[in-house]
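Encoded as structure tokens, the structure appears first; notes follow it.
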Amino acid sequence: MTSTSVPVSELAGLLPGLEVIRKDFPILERRLADDLPLVYLDSANTSQKPQVVIDTMVDHLERHNANVARAMHQLGAESSAAFEGARDKVARFLNAPSRDEVIFTKNASEALNLVANTMAWAGPLQVGKGDRVVITEMEHHSNIVPWQLLCERVGAELRWFGLTDDGLLDLSNIDEVLTPNTKVVSLTWVSNMLGTVNPVAEVARRAHEVGAVVVVDASQAAPQLPVDVQKVQGVDSCIDFLAFTGHKVTGPTGIGVLWGRQDLLDQLPPFLGGGEMIATVAMERSTYAPVPHKFEAGTPPIVEAVGLGAAVDYLSEIGLDRIHEHEQAITGYLLEGLATVSGLRVLGPTDVTQRGGAVSFELEGVHPHDVAQVLDMRGIAVRAGHHCAKPAHKRYGVQSSTRASSYLYTTPAEVDALIEGLEYTKRYFKVGHEKGGTR
Amino acid sequence: MSSVDLDALYQEIILDHYRNPHHAGLRDPYEAEVHHVNPTCGDEITLRVHLSGDGRTVEDVSYDAEGCSISQAAASVMADLVIGQPVDEAMTAHEAFLELMQGRGQVEPDEEVLEDGIAFAGVAKFPARVKCALLAWMAWKDATAQVLNGAPADQGGSDA
């Protein structure tokens with residue numbers, strides 16, 4: 001990598017035994033074209049997978065594979081136990097009061113769509129004409145579009161909190177935005193583009209004052225912060241629903257989680273109809289299973305759930321507090337490094353305590369695609385584009401950005417490689433104030 | 001990917017067009033205007049086509065584009081290639097460019113037909129960038145088809 005890397009001991013907060021942790025992730029050994037080592041800085045997009053997750057999934061497929069809850073044989077019992085065991089693990093990971101409040105979905109998008117769709121239908125939580133749904137301008141498209149669809153279907157009004165110039169939620173008009181007819185407030189805990197950590201508990205308190213249900217997108221929070229659904233940011237019982245996805249918490253793709261308060265889940269009508277979600281079916285009508293199965297129609301993603309169970313146990317064993325400290329240390333180091341690159345502008349807060357481990361930036365004179373392309377040539381994987389957050393980009397007058405995102409396996413040396421790669425990119429495209437400009 | 005491939009992707013000709021795009025800006029008159037977007041990355045182009053009264057000659061192509069070096073340069077090179085040309089020959093150039101882009105680096109470009117467009121041969125080895133190079137061409141083809149099919153100028157194109 002580079003010769004300028006900071007010795008691990010000099011950067012406070014890094015995970016002890018970082019080199020050992022890196023060995024848990026076989027892909028980090030990958031050599032890319034030209035025999036370059038992989039520098040993976042795209043973990044907010046998807047995280048890499050530790051060996052224990054891979055092994056657990058392979059073992060399940062090799063030795064225990066059977067359908068769940070319908071197979072009256074030994075393998076069926078083993079598979080059901082593994083699947084429901086994963087639910088227990090996720091419930092512990094979230095500190096959910098009951099395992100029945102953990103619903104497996106395909107991803108975070110499906111979890112959010114589950115809530116937004118079922119709120120369109122008849123029931124105590126139904127959103128109707130003239131009601132209001134509130135989101136924020138920094139949401140991922142998956143926490144915008146489902147609510148737009150809901151509002152279009154029922155004739156409700158969509159409103160949102162704007163953003164301040166320094167990348168925070170603008171809550172100055174909260175009294176005007178949260179009206180008594182507001183039925184839902186849905187917001188991200190940590191922004192995937194700006195990195196901002198939002199005051200979820202404060203917004204939730206205000207939302208509850210007007211009787212709204214609070215939905216939290218924890219897709220970027222769950223990987224890097226301790227999540228306790230019963231106590232968010234030090235406040236007891238302040239949120240109602242929370243969604244996250246498996247593949248960003250070192251688990252596999254194809255599995256996500258919706259947690260919801262049981263009394264609210266009971267009030268929502270079923271989402272998808274099919275096997276497993278019923279109590280009894282007659283040709284005229286059916287009755288439904290209790291939660292969580294009410295919301296899990298059809299054969300679920302079994303091995304993916306089992307893999308997710310292994311993933312959250314892996315993270316819990318290391319400790320989310322320590323992972324958070326590591327992310328803060330690396331992100332602080334990344335922000336310092338980026339500040340040395342002339343012509344580079346970070347989007348979002350530059351105070352590390354206000355943000356998570358995804359940092360988006362613009363490099364003057366070089367389009368993000370071209371930045372990512374040149375970095376890729378050096379083995380550095382970042383994301384370029386709008387990161388599924390077009391409105392947030394528009395807010396800051398940019399069409400797209402480059403995003404570097406770290407995780408528990410990221411080293412300071414990898415940050416050094418990025419900074420060097422950015423300087424090289426500027427020379428390659430002959431921009432900035434560097435002398436020379438050789439290619 | 002190696003630095004050799006990178007230099008093949010970012011030919012000087014491409015970077016020159018990127019820095020100084022030809023025929024950029026939206027102009028009158030025009031018979032069709034379209035707006036195309038590459039949804040995966042957000043690159044956008046608004047493009048106008050002005051054909052001769054008999055519909056046989058590309059009198060003008062003007063555009064307002066936002067995107068990476070490849071997409072910007074492709075718009076510039078395309079405008080050079082098609083403006084003032086018979087529609088038939090411009091379509092031939094379009095097909096040759098499409099073939100080059102979809103050729104995974106195996107197609108030998110014809111400089112007679114593609115002129116500066118041959119500089120994009122290296123792009124074909126980068127599947128993620130092929131869409132960037134094709135954005136302007138697809139917008140031009142769409143707009144031209146709208147003129148020839150008599151669609152009104154203010155309908156615009158799809159957001160793909």
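Ligands are numbered from 1 in the order shown, chains are lettered A, B, ... in the order of the structure tokens, and residues start at 1 in each chain.
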- Message: Set the distance at 9 Å and use only C-alpha atoms: which residues neighbour Asp60 in chain B once local chain neighbours fewer than 3 positions away are removed? I'd like the list as a PyMOL selection string.
- Response: chain B and resi 23+27-30+48-52+57+79+82-84
Output N, CA and C atoms of each residue in that selection to a file, as a JSON list (two decimals), in the first residue's frame.
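And here's part33.json as it stands now:
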[["chain", "number", "residue", "atom", "x", "y", "z"],
["B", 23, "HIS", "N", -20.32, 22.33, -30.39],
["B", 23, "HIS", "CA", -21.76, 22.47, -30.66],
["B", 23, "HIS", "C", -22.62, 22.42, -29.40],
["B", 27, "ARG", "N", -30.04, 25.39, -29.17],
["B", 27, "ARG", "CA", -30.26, 26.41, -30.20],
["B", 27, "ARG", "C", -31.61, 26.22, -30.89],
["B", 28, "ASP", "N", -32.08, 27.33, -31.44],
["B", 28, "ASP", "CA", -33.24, 27.30, -32.34],
["B", 28, "ASP", "C", -32.71, 27.37, -33.76],
["B", 29, "PRO", "N", -33.46, 26.96, -34.77],
["B", 29, "PRO", "CA", -34.72, 26.24, -34.65],
["B", 29, "PRO", "C", -34.49, 24.75, -34.41],
["B", 30, "TYR", "N", -35.55, 24.08, -34.03],
["B", 30, "TYR", "CA", -35.48, 22.62, -33.88],
["B", 30, "TYR", "C", -36.88, 22.07, -34.03],
["B", 48, "ARG", "N", -31.61, 18.76, -28.96],
["B", 48, "ARG", "CA", -32.53, 19.21, -29.99],
["B", 48, "ARG", "C", -32.00, 18.82, -31.37],
["B", 49, "VAL", "N", -32.93, 18.47, -32.23],
["B", 49, "VAL", "CA", -32.57, 18.13, -33.60],
["B", 49, "VAL", "C", -33.33, 19.06, -34.56],
["B", 50, "HIS", "N", -32.57, 19.59, -35.53],
["B", 50, "HIS", "CA", -33.17, 20.40, -36.58],
["B", 50, "HIS", "C", -32.83, 19.75, -37.92],
["B", 51, "LEU", "N", -33.84, 19.26, -38.62],
["B", 51, "LEU", "CA", -33.63, 18.64, -39.93],
["B", 51, "LEU", "C", -34.03, 19.62, -41.03],
["B", 52, "SER", "N", -33.53, 19.39, -42.24],
["B", 52, "SER", "CA", -33.93, 20.20, -43.39],
["B", 52, "SER", "C", -35.42, 19.95, -43.68],
["B", 57, "THR", "N", -31.63, 15.96, -44.28],
["B", 57, "THR", "CA", -30.32, 16.42, -43.81],
["B", 57, "THR", "C", -30.41, 16.89, -42.36],
["B", 79, "ALA", "N", -22.00, 15.29, -32.36],
["B", 79, "ALA", "CA", -22.48, 16.51, -33.02],
["B", 79, "ALA", "C", -21.60, 16.83, -34.23],
["B", 82, "VAL", "N", -22.57, 14.32, -37.14],
["B", 82, "VAL", "CA", -23.88, 14.27, -37.80],
["B", 82, "VAL", "C", -24.33, 15.61, -38.37],
["B", 83, "ILE", "N", -23.83, 16.71, -37.82],
["B", 83, "ILE", "CA", -24.31, 18.01, -38.29],
["B", 83, "ILE", "C", -23.87, 18.23, -39.74],
["B", 84, "GLY", "N", -24.85, 18.58, -40.59],
["B", 84, "GLY", "CA", -24.57, 18.82, -42.00],
["B", 84, "GLY", "C", -24.58, 17.57, -42.86]]
- Identify every residue of chain B that has at least one atom within 10 Å of any atom of chain A, counting only C-alpha atoms, and report the result as a PyMOL selection string. chain B and resi 1-7+9-10+15+19+39-44+66-70+126+128-129+132
- Message: Report, in Å to a single decimal, how far apart CA of Glu325 in chain A and CA of Leu41 in chain A are.
- Response: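 Result for CA of Leu41 in chain A versus CA of Glu325 in chain A: 17.5 Å, one decimal.
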- Using DSSP on the backbone, list every residue of range 186-337 of chain A that comes out as strand (DSSP E), and give them as a ChimeraX atom specification. /A:186-188,213-217,231-232,235-236,241-245,256-260,278-281,286-288
Can those selected residues be exported to a file as a compact mmCIF listing (two decimals), in the first residue's frame so that it contains C-alpha atoms?
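File written: again.txt
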# COMPACT_ATOMS: atom_id res chain seq x y z
CA SER A 186 -40.30 8.30 8.36
CA LEU A 187 -36.65 9.25 8.50
CA THR A 188 -33.20 7.84 8.19
CA VAL A 213 -46.25 6.72 13.82
CA VAL A 214 -42.42 6.90 13.62
CA VAL A 215 -40.56 4.78 11.07
CA VAL A 216 -36.76 4.70 11.11
CA ASP A 217 -34.57 3.63 8.22
CA LYS A 231 -33.93 3.17 23.76
CA VAL A 232 -32.84 5.31 20.85
CA VAL A 235 -34.79 8.03 25.03
CA ASP A 236 -37.09 5.18 26.03
CA PHE A 241 -40.85 0.76 13.25
CA LEU A 242 -37.26 0.21 12.16
CA ALA A 243 -35.89 -1.25 8.95
CA PHE A 244 -32.43 -2.45 8.00
CA THR A 245 -30.84 -4.74 5.46
CA GLY A 256 -33.82 -7.55 5.43
CA VAL A 257 -35.59 -6.86 8.68
CA LEU A 258 -38.60 -4.90 9.77
CA TRP A 259 -38.94 -4.45 13.49
CA GLY A 260 -42.23 -3.03 14.70
CA ILE A 278 -52.53 -17.75 7.30
CA ALA A 279 -54.32 -19.39 10.20
CA THR A 280 -56.93 -21.04 8.02
CA VAL A 281 -58.03 -20.68 4.42
CA SER A 286 -59.05 -16.61 5.30
CA THR A 287 -57.81 -15.80 8.73
CA TYR A 288 -54.26 -14.82 9.39
- Query: So, counting only C-alpha atoms, which residue among A:Asp55, A:Asp165, A:Glu336, A:Glu78 is closest to Pro412 in chain A?
  - Reply: A:Glu336
- Which residues, written as JSON, numbers by chain, have at least one atom at most 12 Å from Glu95 in chain B, with only C-alpha atoms counted and residues fewer than 4 positions away on the same chain left out? {"B": [88, 89, 90, 91, 99, 100, 101, 102, 103, 109, 110, 113, 114, 117, 134, 137, 138, 141]}
If you keep N, CA and C atoms, can you produce a file of those selected residues as a CSV table (one decimal), in the first residue's frame?
chain,number,residue,atom,x,y,z
B,88,ASP,N,-29.4,9.6,-43.5
B,88,ASP,CA,-29.0,8.2,-43.8
B,88,ASP,C,-27.5,8.0,-43.3
B,89,GLU,N,-26.6,8.9,-43.7
B,89,GLU,CA,-25.2,8.7,-43.3
B,89,GLU,C,-25.0,8.8,-41.8
B,90,ALA,N,-25.8,9.8,-41.2
B,90,ALA,CA,-25.7,9.9,-39.8
B,90,ALA,C,-26.2,8.7,-39.0
B,91,MET,N,-27.2,8.0,-39.6
B,91,MET,CA,-27.7,6.8,-39.0
B,91,MET,C,-26.6,5.7,-39.2
B,99,GLU,N,-22.2,-0.5,-32.8
B,99,GLU,CA,-21.5,-1.8,-33.0
B,99,GLU,C,-20.1,-1.8,-32.2
B,100,LEU,N,-19.4,-0.6,-32.3
B,100,LEU,CA,-18.1,-0.5,-31.7
B,100,LEU,C,-18.3,-0.6,-30.2
B,101,MET,N,-19.4,0.0,-29.6
B,101,MET,CA,-19.6,0.0,-28.2
B,101,MET,C,-20.0,-1.3,-27.6
B,102,GLN,N,-20.7,-2.1,-28.5
B,102,GLN,CA,-21.2,-3.4,-28.0
B,102,GLN,C,-20.2,-4.5,-28.4
B,103,GLY,N,-19.1,-4.1,-28.9
B,103,GLY,CA,-18.1,-5.1,-29.4
B,103,GLY,C,-17.1,-5.7,-28.4
B,109,PRO,N,-12.7,-0.2,-35.4
B,109,PRO,CA,-13.5,0.9,-35.9
B,109,PRO,C,-13.0,1.5,-37.2
B,110,ASP,N,-14.0,2.0,-38.0
B,110,ASP,CA,-13.7,2.6,-39.3
B,110,ASP,C,-13.6,4.1,-39.2
B,113,VAL,N,-15.9,6.4,-41.2
B,113,VAL,CA,-17.3,6.6,-40.8
B,113,VAL,C,-17.3,7.3,-39.5
B,114,LEU,N,-16.4,7.0,-38.5
B,114,LEU,CA,-16.5,7.5,-37.1
B,114,LEU,C,-15.6,8.7,-36.8
B,117,GLY,N,-14.7,9.5,-33.4
B,117,GLY,CA,-15.5,8.5,-32.7
B,117,GLY,C,-14.6,7.2,-32.4
B,134,LEU,N,-23.1,6.1,-25.0
B,134,LEU,CA,-24.2,5.9,-25.9
B,134,LEU,C,-25.4,7.0,-25.6
B,137,TRP,N,-26.0,9.6,-28.3
B,137,TRP,CA,-26.5,9.0,-29.5
B,137,TRP,C,-27.9,8.5,-29.4
B,138,MET,N,-28.2,7.9,-28.3
B,138,MET,CA,-29.6,7.4,-28.1
B,138,MET,C,-30.6,8.6,-28.1
B,141,LYS,N,-31.0,9.7,-31.8
B,141,LYS,CA,-31.8,8.8,-32.5
B,141,LYS,C,-33.2,9.0,-32.2
- Query: Where does DSSP see alpha helix (DSSP H) in range 2-118 of chain B, if you list the residues as a ChimeraX atom specification?
  - Reply: /B:3-9,12-19,69-82,87-101,111-114
- Rounded to one decimal in Å, what is the spacing between CA of Ala310 in chain A and CA of Val53 in chain A?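 Distance reported for this atom pair: 5.5 Å.
Relative to CA of Leu347 in chain A, CA of Tyr396 in chain A is found at 7.9 Å.
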- Query: So which one's closest to Val102 in chain A, A:Gly251, A:Gly343, A:Pro16, A:Pro292? Using only C-alpha atoms, please.
  - Reply: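 For Val102 in chain A, the nearest of the candidates is A:Pro292.
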- Nearby residues (only C-alpha atoms) at most 8 Å from Pro26 in chain A, same-chain spacing under 4 positions excluded, as a list in words: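 Counting only C-alpha atoms, the residues come to Arg22, Arg30, Lys49, Pro50 and Gln51 of chain A.
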Could you write out that same residue set with C-alpha atoms as a PDB file, in the first residue's frame?
ATOM      1  CA  ARG A  22      -9.256  -8.439   8.460  1.00  0.00           C
ATOM      2  CA  ARG A  30      -8.070 -10.517  -3.204  1.00  0.00           C
ATOM      3  CA  LYS A  49     -18.686 -11.037   4.550  1.00  0.00           C
ATOM      4  CA  PRO A  50     -16.726 -12.746   7.316  1.00  0.00           C
ATOM      5  CA  GLN A  51     -15.827 -16.421   6.988  1.00  0.00           C
TER       6      GLN A  51
END
